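Asks: Contents are PDB, C-alpha atoms, pLDDT in the B column; file name my_file_37.pdb:
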```pdb
ATOM      1  CA  LYS A  29      15.067 -46.340  20.870  1.00 48.00           C
ATOM      2  CA  THR A  30      17.684 -48.430  19.087  1.00 51.00           C
ATOM      3  CA  VAL A  31      19.963 -50.438  21.395  1.00 58.00           C
ATOM      4  CA  ALA A  32      23.497 -49.077  21.224  1.00 57.00           C
ATOM      5  CA  PRO A  33      25.767 -51.493  19.325  1.00 56.00           C
ATOM      6  CA  ARG A  34      29.116 -52.583  20.674  1.00 62.00           C
ATOM      7  CA  PRO A  35      32.030 -50.318  19.689  1.00 57.00           C
ATOM      8  CA  GLU A  36      33.324 -52.704  17.045  1.00 62.00           C
ATOM      9  CA  GLU A  37      29.834 -52.951  15.497  1.00 77.00           C
ATOM     10  CA  ARG A  38      28.989 -49.265  15.601  1.00 79.00           C
ATOM     11  CA  VAL A  39      30.175 -48.318  12.103  1.00 85.00           C
ATOM     12  CA  PRO A  40      28.775 -51.375  10.235  1.00 87.00           C
ATOM     13  CA  GLU A  41      25.454 -50.991  12.049  1.00 88.00           C
ATOM     14  CA  ALA A  42      25.277 -47.283  11.220  1.00 88.00           C
ATOM     15  CA  LEU A  43      25.920 -47.988   7.547  1.00 89.00           C
ATOM     16  CA  ARG A  44      23.242 -50.685   7.486  1.00 91.00           C
ATOM     17  CA  ARG A  45      20.741 -48.333   9.095  1.00 91.00           C
ATOM     18  CA  MET A  46      21.497 -45.595   6.600  1.00 92.00           C
ATOM     19  CA  GLU A  47      20.979 -48.025   3.736  1.00 92.00           C
ATOM     20  CA  ARG A  48      17.616 -49.118   5.149  1.00 93.00           C
ATOM     21  CA  LEU A  49      16.557 -45.511   5.684  1.00 94.00           C
ATOM     22  CA  HIS A  50      17.474 -44.624   2.125  1.00 94.00           C
ATOM     23  CA  THR A  51      15.315 -47.504   0.874  1.00 94.00           C
ATOM     24  CA  ARG A  52      12.369 -46.392   3.004  1.00 94.00           C
ATOM     25  CA  PHE A  53      12.850 -42.825   1.816  1.00 95.00           C
ATOM     26  CA  MET A  54      12.648 -43.880  -1.833  1.00 95.00           C
ATOM     27  CA  ARG A  55       9.503 -45.872  -1.067  1.00 94.00           C
ATOM     28  CA  GLY A  56       7.942 -42.753   0.390  1.00 94.00           C
ATOM     29  CA  VAL A  57       8.916 -40.660  -2.631  1.00 95.00           C
ATOM     30  CA  TYR A  58       7.339 -43.264  -4.911  1.00 95.00           C
ATOM     31  CA  ALA A  59       4.180 -43.334  -2.770  1.00 94.00           C
ATOM     32  CA  VAL A  60       3.765 -39.560  -3.085  1.00 94.00           C
ATOM     33  CA  ARG A  61       4.205 -39.860  -6.845  1.00 94.00           C
ATOM     34  CA  GLN A  62       1.531 -42.559  -6.946  1.00 93.00           C
ATOM     35  CA  ALA A  63      -0.780 -40.392  -4.865  1.00 94.00           C
ATOM     36  CA  ARG A  64      -0.468 -37.534  -7.353  1.00 93.00           C
ATOM     37  CA  GLU A  65      -1.305 -39.878 -10.223  1.00 92.00           C
ATOM     38  CA  HIS A  66      -4.582 -40.840  -8.520  1.00 93.00           C
ATOM     39  CA  LEU A  67      -5.817 -37.422  -7.421  1.00 93.00           C
ATOM     40  CA  PRO A  68      -9.614 -37.205  -7.681  1.00 91.00           C
ATOM     41  CA  ALA A  69     -10.974 -35.590 -10.820  1.00 91.00           C
ATOM     42  CA  ALA A  70     -12.467 -32.134 -10.480  1.00 90.00           C
ATOM     43  CA  PRO A  71     -14.278 -29.807 -12.887  1.00 89.00           C
ATOM     44  CA  ASP A  72     -12.824 -26.584 -14.220  1.00 91.00           C
ATOM     45  CA  PRO A  73     -13.623 -23.848 -11.656  1.00 90.00           C
ATOM     46  CA  ASP A  74     -14.565 -21.545 -14.530  1.00 91.00           C
ATOM     47  CA  LEU A  75     -17.466 -23.866 -15.394  1.00 89.00           C
ATOM     48  CA  VAL A  76     -19.070 -23.708 -11.941  1.00 91.00           C
ATOM     49  CA  PRO A  77     -22.439 -21.901 -12.085  1.00 90.00           C
ATOM     50  CA  ASP A  78     -22.216 -18.534 -10.377  1.00 91.00           C
ATOM     51  CA  GLU A  79     -23.840 -17.985  -7.008  1.00 91.00           C
ATOM     52  CA  ALA A  80     -26.448 -15.553  -8.309  1.00 92.00           C
ATOM     53  CA  SER A  81     -27.701 -18.013 -10.933  1.00 90.00           C
ATOM     54  CA  ALA A  82     -27.715 -20.880  -8.439  1.00 88.00           C
ATOM     55  CA  ALA A  83     -29.798 -18.834  -6.015  1.00 92.00           C
ATOM     56  CA  LYS A  84     -32.584 -18.664  -8.606  1.00 91.00           C
ATOM     57  CA  ASP A  85     -32.660 -22.363  -9.453  1.00 89.00           C
ATOM     58  CA  GLU A  86     -32.620 -25.301  -7.034  1.00 90.00           C
ATOM     59  CA  GLY A  87     -31.292 -27.714  -9.624  1.00 90.00           C
ATOM     60  CA  LEU A  88     -28.514 -25.356 -10.611  1.00 89.00           C
ATOM     61  CA  ALA A  89     -27.707 -24.850  -6.942  1.00 91.00           C
ATOM     62  CA  GLY A  90     -27.256 -28.602  -6.610  1.00 92.00           C
ATOM     63  CA  VAL A  91     -24.928 -28.667  -9.611  1.00 92.00           C
ATOM     64  CA  ARG A  92     -22.879 -25.840  -8.097  1.00 92.00           C
ATOM     65  CA  THR A  93     -22.665 -27.568  -4.712  1.00 93.00           C
ATOM     66  CA  ARG A  94     -21.474 -30.845  -6.191  1.00 93.00           C
ATOM     67  CA  MET A  95     -18.911 -29.188  -8.442  1.00 93.00           C
ATOM     68  CA  LEU A  96     -17.497 -27.113  -5.586  1.00 94.00           C
ATOM     69  CA  ALA A  97     -17.299 -30.213  -3.383  1.00 94.00           C
ATOM     70  CA  ARG A  98     -15.269 -32.073  -6.022  1.00 93.00           C
ATOM     71  CA  ILE A  99     -12.939 -29.108  -6.463  1.00 94.00           C
ATOM     72  CA  ALA A 100     -12.425 -28.853  -2.692  1.00 95.00           C
ATOM     73  CA  ALA A 101     -11.738 -32.600  -2.409  1.00 93.00           C
ATOM     74  CA  ARG A 102      -9.020 -32.429  -5.057  1.00 93.00           C
ATOM     75  CA  ARG A 103      -7.406 -29.362  -3.509  1.00 95.00           C
ATOM     76  CA  GLU A 104      -7.341 -31.073  -0.123  1.00 95.00           C
ATOM     77  CA  LYS A 105      -5.428 -34.041  -1.552  1.00 94.00           C
ATOM     78  CA  GLU A 106      -3.152 -31.755  -3.567  1.00 95.00           C
ATOM     79  CA  ASP A 107      -2.286 -29.906  -0.360  1.00 96.00           C
ATOM     80  CA  ALA A 108      -1.572 -33.227   1.373  1.00 96.00           C
ATOM     81  CA  CYS A 109       0.809 -34.239  -1.432  1.00 96.00           C
ATOM     82  CA  ALA A 110       2.505 -30.841  -1.301  1.00 96.00           C
ATOM     83  CA  ALA A 111       3.027 -31.179   2.462  1.00 96.00           C
ATOM     84  CA  LEU A 112       4.577 -34.629   2.004  1.00 96.00           C
ATOM     85  CA  ASP A 113       6.839 -33.269  -0.735  1.00 95.00           C
ATOM     86  CA  ALA A 114       7.994 -30.434   1.503  1.00 96.00           C
ATOM     87  CA  GLU A 115       8.737 -32.829   4.350  1.00 96.00           C
ATOM     88  CA  SER A 116      10.639 -35.142   2.003  1.00 95.00           C
ATOM     89  CA  SER A 117      12.977 -32.270   1.140  1.00 95.00           C
ATOM     90  CA  LEU A 118      13.697 -31.703   4.824  1.00 96.00           C
ATOM     91  CA  LEU A 119      14.292 -35.404   5.420  1.00 95.00           C
ATOM     92  CA  ASP A 120      16.604 -35.588   2.424  1.00 95.00           C
ATOM     93  CA  ALA A 121      18.656 -32.717   3.821  1.00 94.00           C
ATOM     94  CA  ARG A 122      18.844 -34.414   7.218  1.00 94.00           C
ATOM     95  CA  MET A 123      20.006 -37.657   5.613  1.00 93.00           C
ATOM     96  CA  SER A 124      22.715 -35.772   3.731  1.00 92.00           C
ATOM     97  CA  ALA A 125      24.111 -34.606   7.056  1.00 91.00           C
ATOM     98  CA  PHE A 126      24.978 -38.239   7.814  1.00 90.00           C
ATOM     99  CA  ALA A 127      27.094 -38.646   4.693  1.00 88.00           C
ATOM    100  CA  LEU A 128      30.611 -39.604   5.764  1.00 83.00           C
ATOM    101  CA  PRO A 129      33.205 -37.045   4.592  1.00 85.00           C
ATOM    102  CA  ASP A 130      36.146 -38.540   2.712  1.00 84.00           C
ATOM    103  CA  ASP A 131      38.707 -37.131   5.130  1.00 87.00           C
ATOM    104  CA  VAL A 132      36.987 -38.287   8.340  1.00 86.00           C
ATOM    105  CA  ASP A 133      37.574 -41.607  10.063  1.00 89.00           C
ATOM    106  CA  PRO A 134      34.315 -43.634  10.306  1.00 87.00           C
ATOM    107  CA  GLU A 135      34.989 -44.501  13.940  1.00 88.00           C
ATOM    108  CA  ALA A 136      35.336 -40.825  14.786  1.00 88.00           C
ATOM    109  CA  PHE A 137      32.281 -39.868  12.733  1.00 89.00           C
ATOM    110  CA  TRP A 138      29.781 -42.402  14.078  1.00 88.00           C
ATOM    111  CA  THR A 139      29.760 -41.378  17.710  1.00 87.00           C
ATOM    112  CA  GLU A 140      27.062 -42.320  20.213  1.00 86.00           C
ATOM    113  CA  GLU A 141      25.671 -38.820  19.913  1.00 89.00           C
ATOM    114  CA  ARG A 142      25.393 -39.100  16.145  1.00 90.00           C
ATOM    115  CA  LEU A 143      23.663 -42.464  16.448  1.00 90.00           C
ATOM    116  CA  THR A 144      21.141 -40.849  18.783  1.00 91.00           C
ATOM    117  CA  GLU A 145      20.481 -38.198  16.133  1.00 92.00           C
ATOM    118  CA  LEU A 146      20.001 -41.008  13.647  1.00 93.00           C
ATOM    119  CA  ASP A 147      17.296 -42.443  15.911  1.00 93.00           C
ATOM    120  CA  GLY A 148      15.337 -39.208  15.577  1.00 94.00           C
ATOM    121  CA  LEU A 149      15.738 -39.149  11.804  1.00 94.00           C
ATOM    122  CA  GLN A 150      14.597 -42.749  11.567  1.00 95.00           C
ATOM    123  CA  ALA A 151      11.441 -42.095  13.602  1.00 95.00           C
ATOM    124  CA  ASP A 152      10.494 -39.059  11.509  1.00 96.00           C
ATOM    125  CA  LEU A 153      11.239 -40.772   8.214  1.00 96.00           C
ATOM    126  CA  LEU A 154       9.202 -43.876   9.025  1.00 95.00           C
ATOM    127  CA  ARG A 155       6.248 -41.730  10.119  1.00 96.00           C
ATOM    128  CA  TRP A 156       6.474 -39.750   6.877  1.00 96.00           C
ATOM    129  CA  GLU A 157       6.720 -42.887   4.752  1.00 95.00           C
ATOM    130  CA  GLU A 158       3.660 -44.374   6.449  1.00 96.00           C
ATOM    131  CA  ALA A 159       1.663 -41.185   5.831  1.00 96.00           C
ATOM    132  CA  ALA A 160       2.671 -41.180   2.151  1.00 96.00           C
ATOM    133  CA  ALA A 161       1.774 -44.855   1.711  1.00 95.00           C
ATOM    134  CA  THR A 162      -1.586 -44.358   3.439  1.00 96.00           C
ATOM    135  CA  LEU A 163      -2.494 -41.408   1.221  1.00 95.00           C
ATOM    136  CA  ALA A 164      -1.464 -43.259  -1.938  1.00 94.00           C
ATOM    137  CA  GLU A 165      -3.549 -46.290  -0.957  1.00 94.00           C
ATOM    138  CA  GLN A 166      -6.583 -44.145  -0.175  1.00 92.00           C
ATOM    139  CA  LEU A 167      -6.415 -42.424  -3.557  1.00 92.00           C
ATOM    140  CA  ARG A 168      -5.766 -45.675  -5.445  1.00 90.00           C
ATOM    141  CA  THR A 169      -8.776 -47.278  -3.779  1.00 89.00           C
ATOM    142  CA  ALA A 170     -10.999 -44.290  -4.513  1.00 87.00           C
ATOM    143  CA  ALA A 171      -9.898 -44.244  -8.163  1.00 84.00           C
ATOM    144  CA  ALA A 172     -10.356 -47.991  -8.693  1.00 79.00           C
ATOM    145  CA  PRO A 173     -13.280 -49.022 -10.925  1.00 74.00           C
ATOM    146  CA  LYS A 174     -16.365 -49.716  -8.888  1.00 67.00           C
ATOM    147  CA  ALA A 175     -18.184 -53.038  -9.070  1.00 64.00           C
ATOM    148  CA  PRO A 176     -21.236 -52.898 -11.357  1.00 68.00           C
ATOM    149  CA  LEU A 177     -24.451 -52.082  -9.576  1.00 62.00           C
ATOM    150  CA  PRO A 178     -27.353 -54.548  -9.605  1.00 67.00           C
ATOM    151  CA  PRO A 179     -30.208 -53.859 -12.032  1.00 69.00           C
ATOM    152  CA  PRO A 180     -32.372 -51.007 -10.791  1.00 62.00           C
ATOM    153  CA  ILE A 181     -35.651 -51.849  -9.123  1.00 62.00           C
ATOM    154  CA  ARG A 182     -38.663 -50.347 -10.809  1.00 58.00           C
ATOM    155  CA  MET A 183     -40.256 -47.820  -8.537  1.00 52.00           C
ATOM    156  CA  ALA A 184     -43.023 -45.322  -8.671  1.00 55.00           C
ATOM    157  CA  ALA A 185     -42.379 -41.894 -10.116  1.00 53.00           C
ATOM    158  CA  PRO A 186     -39.723 -39.993  -8.111  1.00 54.00           C
ATOM    159  CA  PRO A 187     -40.751 -37.185  -5.796  1.00 58.00           C
ATOM    160  CA  GLU A 188     -41.515 -33.875  -7.435  1.00 59.00           C
ATOM    161  CA  GLU A 189     -38.442 -32.240  -5.849  1.00 56.00           C
ATOM    162  CA  LEU A 190     -36.119 -34.872  -7.336  1.00 52.00           C
ATOM    163  CA  ARG A 191     -37.720 -34.562 -10.770  1.00 54.00           C
ATOM    164  CA  ARG A 192     -37.273 -30.803 -10.681  1.00 55.00           C
ATOM    165  CA  GLU A 193     -33.607 -31.098  -9.692  1.00 51.00           C
ATOM    166  CA  HIS A 194     -32.806 -33.600 -12.431  1.00 54.00           C
ATOM    167  CA  SER A 195     -34.743 -31.594 -14.990  1.00 58.00           C
ATOM    168  CA  ALA A 196     -33.006 -28.347 -14.066  1.00 54.00           C
ATOM    169  CA  GLU A 197     -29.588 -29.995 -14.116  1.00 58.00           C
ATOM    170  CA  ALA A 198     -30.269 -31.522 -17.527  1.00 61.00           C
ATOM    171  CA  GLN A 199     -31.471 -28.174 -18.845  1.00 61.00           C
ATOM    172  CA  TRP A 200     -28.335 -26.453 -17.581  1.00 58.00           C
ATOM    173  CA  GLU A 201     -26.061 -29.063 -19.133  1.00 64.00           C
ATOM    174  CA  ALA A 202     -27.983 -28.915 -22.426  1.00 64.00           C
ATOM    175  CA  HIS A 203     -27.792 -25.131 -22.412  1.00 59.00           C
ATOM    176  CA  PHE A 204     -24.056 -25.231 -21.763  1.00 60.00           C
ATOM    177  CA  GLN A 205     -23.574 -27.766 -24.569  1.00 68.00           C
ATOM    178  CA  ASP A 206     -25.570 -25.552 -26.952  1.00 67.00           C
ATOM    179  CA  LEU A 207     -23.324 -22.611 -26.107  1.00 61.00           C
ATOM    180  CA  MET A 208     -20.203 -24.679 -26.741  1.00 65.00           C
ATOM    181  CA  ASP A 209     -21.612 -25.905 -30.083  1.00 70.00           C
ATOM    182  CA  GLU A 210     -22.422 -22.349 -31.084  1.00 71.00           C
ATOM    183  CA  VAL A 211     -18.884 -21.208 -30.256  1.00 61.00           C
ATOM    184  CA  ARG A 212     -17.389 -24.067 -32.269  1.00 70.00           C
ATOM    185  CA  GLU A 213     -19.627 -23.308 -35.274  1.00 73.00           C
ATOM    186  CA  GLN A 214     -18.703 -19.631 -35.115  1.00 73.00           C
ATOM    187  CA  ARG A 215     -15.003 -20.514 -35.090  1.00 72.00           C
ATOM    188  CA  ILE A 216     -15.476 -22.858 -38.060  1.00 76.00           C
ATOM    189  CA  ARG A 217     -17.208 -20.097 -40.035  1.00 75.00           C
ATOM    190  CA  GLU A 218     -14.485 -17.596 -39.174  1.00 76.00           C
ATOM    191  CA  ASP A 219     -11.749 -20.059 -40.159  1.00 73.00           C
ATOM    192  CA  ALA A 220     -13.511 -20.763 -43.472  1.00 74.00           C
ATOM    193  CA  GLU A 221     -13.883 -17.063 -44.255  1.00 77.00           C
ATOM    194  CA  ARG A 222     -10.251 -16.416 -43.350  1.00 73.00           C
ATOM    195  CA  ALA A 223      -9.078 -19.296 -45.530  1.00 71.00           C
ATOM    196  CA  ALA A 224     -11.170 -18.056 -48.458  1.00 72.00           C
ATOM    197  CA  ALA A 225      -9.776 -14.549 -48.099  1.00 73.00           C
ATOM    198  CA  GLU A 226      -6.206 -15.825 -48.032  1.00 72.00           C
ATOM    199  CA  ALA A 227      -6.820 -18.044 -51.071  1.00 69.00           C
ATOM    200  CA  ASP A 228      -8.251 -15.191 -53.194  1.00 62.00           C
ATOM    201  CA  PRO A 229      -6.948 -11.855 -51.859  1.00 56.00           C
ATOM    202  CA  LYS A 230      -8.132  -9.915 -54.952  1.00 54.00           C
ATOM    203  CA  ASP A 231     -11.671 -11.146 -54.607  1.00 51.00           C
ATOM    204  CA  SER A 232     -11.554 -10.351 -50.900  1.00 46.00           C
ATOM    205  CA  ALA A 233     -10.317  -6.816 -51.659  1.00 49.00           C
ATOM    206  CA  GLY A 234     -13.071  -6.296 -54.220  1.00 50.00           C
ATOM    207  CA  GLN A 235     -15.675  -7.276 -51.696  1.00 48.00           C
TER     208      GLN A 235
END
```
Translate the structure of the given file into structure tokens.
Replies:
Amino acid sequence: KTVAPRPEERVPEALRRMERLHTRFMRGVYAVRQAREHLPAAPDPDLVPDEASAAKDEGLAGVRTRMLARIAARREKEDACAALDAESSLLDARMSAFALPDDVDPEAFWTEERLTELDGLQADLLRWEEAAATLAEQLRTAAAPKAPLPPPIRMAAPPEELRREHSAEAQWEAHFQDLMDEVREQRIREDAERAAAEADPKDSAGQ
């Protein structure tokens, strides 16, 4: 707990503490913003293989598991950022309660009781700022480029289970890419036909 200042120092000390708390608050807000900028990447949930398909293919099941894990990891960090944002709003409101009204004498405003309340605000704000800074640092570290790996060591052929998983995953990705290419080609054909019809409406009507 903060040592109570002497009466003549009470107001200047309170103002200095409020200034320091405001600075720490802004640091916390910036840390949360940094954390959001480094949230882990996650795939589109609509692209996750469905459970029925994964049950029929071990490789596809592995793809599904990894995609769901990445989605869950991002949501966890998003929830952490949201919780810090919500707490920052509460702290901001509590800080506003210490704003000195224009028609109130500072000596009368900064009582011992109010300074005790300021102790509680300070403890909560510093804890919140530390949590925000820790989360931001964790996400920055995780998002930082990794050091290049050493050249791979030549080994014997991988186990049959690993070959099957990689093969199935590659087949699924190739199949998905083929579907996307087919959709794009279909859209190109439709756009070309629509453009031709608009360019020559009589010919289109005759057809």
Asks: I need the residue nearest A:Ala101 from this list: A:Gly87, A:Leu143, A:Ala220, A:Ala70. Use all atoms listed in the file for the distance.
Replies: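 Looking only at the distances to A:Ala101, the closest residue turns out to be A:Ala70.
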Asks: Quick one: everything within 8 Å of A:Pro71, counting all atoms listed in the file, minus sequence neighbours fewer than 6 positions away in the same chain. Send it as a count of residues only.
Replies: 3
Asks: Which of these, A:Glu41, A:Leu163, A:Met46, A:Asp74, has the shortest distance to A:Leu128 once you count only C-alpha atoms?
Replies: A:Met46
Asks: Counting only C-alpha atoms, which of A:Gln166, A:Glu79, A:Arg155, A:Ala42 gets nearest to A:Leu96?
Replies: A:Glu79
Asks: For the atom pair atom CA of A:Leu112 and atom CA of A:Leu154, what is the interatomic distance in Å to one decimal place?
Replies: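 A separation of 12.5 Å between them.
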Asks: Please indicate the distance in Å from atom CA of A:Ser116 to atom CA of A:His50, rounded to one decimal place.
Replies: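 Computing the Euclidean distance for atom CA of A:Ser116 and atom CA of A:His50 yields 11.7 Å.
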Asks: Which value, in Å to one decimal, gives the distance between atom CA of A:Thr139 and atom CA of A:Arg52?
Replies: 23.3 Å
Asks: Between A:Arg217, A:Ala59, A:Arg44, A:Leu118, which residue has the minimum interatomic distance to A:Leu153, considering only C-alpha atoms?
Replies: A:Leu118
Asks: Quick one: residues within 12 Å of A:Leu119, only C-alpha atoms, excluding same-chain residues fewer than 3 positions away - as a PDB file with C-alpha atoms, in the coordinates of the input?
Replies:
```pdb
ATOM      1  CA  LEU A  49      16.557 -45.511   5.684  1.00 94.00           C
ATOM      2  CA  HIS A  50      17.474 -44.624   2.125  1.00 94.00           C
ATOM      3  CA  ARG A  52      12.369 -46.392   3.004  1.00 94.00           C
ATOM      4  CA  PHE A  53      12.850 -42.825   1.816  1.00 95.00           C
ATOM      5  CA  MET A  54      12.648 -43.880  -1.833  1.00 95.00           C
ATOM      6  CA  GLY A  56       7.942 -42.753   0.390  1.00 94.00           C
ATOM      7  CA  VAL A  57       8.916 -40.660  -2.631  1.00 95.00           C
ATOM      8  CA  LEU A 112       4.577 -34.629   2.004  1.00 96.00           C
ATOM      9  CA  ASP A 113       6.839 -33.269  -0.735  1.00 95.00           C
ATOM     10  CA  ALA A 114       7.994 -30.434   1.503  1.00 96.00           C
ATOM     11  CA  GLU A 115       8.737 -32.829   4.350  1.00 96.00           C
ATOM     12  CA  SER A 116      10.639 -35.142   2.003  1.00 95.00           C
ATOM     13  CA  ARG A 122      18.844 -34.414   7.218  1.00 94.00           C
ATOM     14  CA  MET A 123      20.006 -37.657   5.613  1.00 93.00           C
ATOM     15  CA  SER A 124      22.715 -35.772   3.731  1.00 92.00           C
ATOM     16  CA  ALA A 125      24.111 -34.606   7.056  1.00 91.00           C
ATOM     17  CA  PHE A 126      24.978 -38.239   7.814  1.00 90.00           C
ATOM     18  CA  LEU A 146      20.001 -41.008  13.647  1.00 93.00           C
ATOM     19  CA  GLY A 148      15.337 -39.208  15.577  1.00 94.00           C
ATOM     20  CA  LEU A 149      15.738 -39.149  11.804  1.00 94.00           C
ATOM     21  CA  GLN A 150      14.597 -42.749  11.567  1.00 95.00           C
ATOM     22  CA  ALA A 151      11.441 -42.095  13.602  1.00 95.00           C
ATOM     23  CA  ASP A 152      10.494 -39.059  11.509  1.00 96.00           C
ATOM     24  CA  LEU A 153      11.239 -40.772   8.214  1.00 96.00           C
ATOM     25  CA  LEU A 154       9.202 -43.876   9.025  1.00 95.00           C
ATOM     26  CA  ARG A 155       6.248 -41.730  10.119  1.00 96.00           C
ATOM     27  CA  TRP A 156       6.474 -39.750   6.877  1.00 96.00           C
ATOM     28  CA  GLU A 157       6.720 -42.887   4.752  1.00 95.00           C
TER      29      GLU A 157
END
```
Asks: Name all residues at most 6 Å from stretch 61-68 of chain A (count only C-alpha atoms; drop same-chain ones fewer than 2 positions away) and give them as an MDAnalysis selection string.
Replies: chainID A and resid 58:59 102 164 167:168
Asks: Please write as a CSV table (one decimal) with C-alpha atoms, keeping the file's coordinate frame the full residue list that the PyMOL selection byres ((chain A and resi 89) around 10) yields on this file.
Replies:
```
chain,number,residue,atom,x,y,z
A,77,PRO,CA,-22.4,-21.9,-12.1
A,78,ASP,CA,-22.2,-18.5,-10.4
A,79,GLU,CA,-23.8,-18.0,-7.0
A,80,ALA,CA,-26.4,-15.6,-8.3
A,81,SER,CA,-27.7,-18.0,-10.9
A,82,ALA,CA,-27.7,-20.9,-8.4
A,83,ALA,CA,-29.8,-18.8,-6.0
A,84,LYS,CA,-32.6,-18.7,-8.6
A,85,ASP,CA,-32.7,-22.4,-9.5
A,86,GLU,CA,-32.6,-25.3,-7.0
A,87,GLY,CA,-31.3,-27.7,-9.6
A,88,LEU,CA,-28.5,-25.4,-10.6
A,90,GLY,CA,-27.3,-28.6,-6.6
A,91,VAL,CA,-24.9,-28.7,-9.6
A,92,ARG,CA,-22.9,-25.8,-8.1
A,93,THR,CA,-22.7,-27.6,-4.7
A,94,ARG,CA,-21.5,-30.8,-6.2
A,95,MET,CA,-18.9,-29.2,-8.4
A,193,GLU,CA,-33.6,-31.1,-9.7
A,196,ALA,CA,-33.0,-28.3,-14.1
A,197,GLU,CA,-29.6,-30.0,-14.1
```
Asks: Save stretch 56-62 of chain A from what I just supplied, as an mmCIF file, in the first residue's frame, atoms limited to all heavy atoms.
Replies:
```cif
data_model
loop_
_atom_site.group_PDB
_atom_site.id
_atom_site.type_symbol
_atom_site.label_atom_id
_atom_site.label_comp_id
_atom_site.auth_asym_id
_atom_site.auth_seq_id
_atom_site.Cartn_x
_atom_site.Cartn_y
_atom_site.Cartn_z
ATOM 1 N N GLY A 56 -0.952 -0.217 -21.794
ATOM 2 C CA GLY A 56 -1.761 -1.434 -21.861
ATOM 3 C C GLY A 56 -2.651 -1.462 -23.090
ATOM 4 O O GLY A 56 -2.794 -2.496 -23.747
ATOM 5 N N VAL A 57 -3.261 -0.323 -23.407
ATOM 6 C CA VAL A 57 -4.106 -0.243 -24.607
ATOM 7 C C VAL A 57 -3.282 -0.556 -25.854
ATOM 8 O O VAL A 57 -3.718 -1.295 -26.745
ATOM 9 C CB VAL A 57 -4.746 1.157 -24.716
ATOM 10 C CG1 VAL A 57 -5.425 1.340 -26.067
ATOM 11 C CG2 VAL A 57 -5.752 1.363 -23.587
ATOM 12 N N TYR A 58 -2.076 -0.012 -25.909
ATOM 13 C CA TYR A 58 -1.201 -0.265 -27.062
ATOM 14 C C TYR A 58 -0.803 -1.740 -27.119
ATOM 15 O O TYR A 58 -0.734 -2.333 -28.202
ATOM 16 C CB TYR A 58 0.044 0.610 -26.965
ATOM 17 C CG TYR A 58 1.030 0.402 -28.091
ATOM 18 C CD1 TYR A 58 0.781 0.911 -29.363
ATOM 19 C CD2 TYR A 58 2.200 -0.322 -27.884
ATOM 20 C CE1 TYR A 58 1.677 0.714 -30.403
ATOM 21 C CE2 TYR A 58 3.102 -0.526 -28.920
ATOM 22 C CZ TYR A 58 2.836 -0.007 -30.173
ATOM 23 O OH TYR A 58 3.716 -0.206 -31.203
ATOM 24 N N ALA A 59 -0.555 -2.347 -25.963
ATOM 25 C CA ALA A 59 -0.173 -3.762 -25.928
ATOM 26 C C ALA A 59 -1.296 -4.643 -26.462
ATOM 27 O O ALA A 59 -1.054 -5.601 -27.208
ATOM 28 C CB ALA A 59 0.197 -4.175 -24.501
ATOM 29 N N VAL A 60 -2.537 -4.336 -26.097
ATOM 30 C CA VAL A 60 -3.668 -5.117 -26.607
ATOM 31 C C VAL A 60 -3.768 -4.960 -28.125
ATOM 32 O O VAL A 60 -4.029 -5.925 -28.853
ATOM 33 C CB VAL A 60 -4.982 -4.686 -25.930
ATOM 34 C CG1 VAL A 60 -6.160 -5.441 -26.529
ATOM 35 C CG2 VAL A 60 -4.919 -4.937 -24.424
ATOM 36 N N ARG A 61 -3.543 -3.746 -28.605
ATOM 37 C CA ARG A 61 -3.583 -3.514 -30.049
ATOM 38 C C ARG A 61 -2.499 -4.333 -30.752
ATOM 39 O O ARG A 61 -2.734 -4.938 -31.807
ATOM 40 C CB ARG A 61 -3.392 -2.028 -30.328
ATOM 41 C CG ARG A 61 -3.577 -1.632 -31.794
ATOM 42 C CD ARG A 61 -3.336 -0.152 -31.965
ATOM 43 N NE ARG A 61 -4.145 0.622 -31.040
ATOM 44 C CZ ARG A 61 -3.866 1.865 -30.669
ATOM 45 N NH1 ARG A 61 -2.783 2.459 -31.140
ATOM 46 N NH2 ARG A 61 -4.651 2.508 -29.834
ATOM 47 N N GLN A 62 -1.307 -4.362 -30.164
ATOM 48 C CA GLN A 62 -0.225 -5.157 -30.735
ATOM 49 C C GLN A 62 -0.561 -6.647 -30.721
ATOM 50 O O GLN A 62 -0.247 -7.379 -31.662
ATOM 51 C CB GLN A 62 1.068 -4.914 -29.947
ATOM 52 C CG GLN A 62 1.683 -3.546 -30.175
ATOM 53 C CD GLN A 62 2.239 -3.412 -31.584
ATOM 54 O OE1 GLN A 62 3.110 -4.171 -31.991
ATOM 55 N NE2 GLN A 62 1.731 -2.448 -32.332
#
```
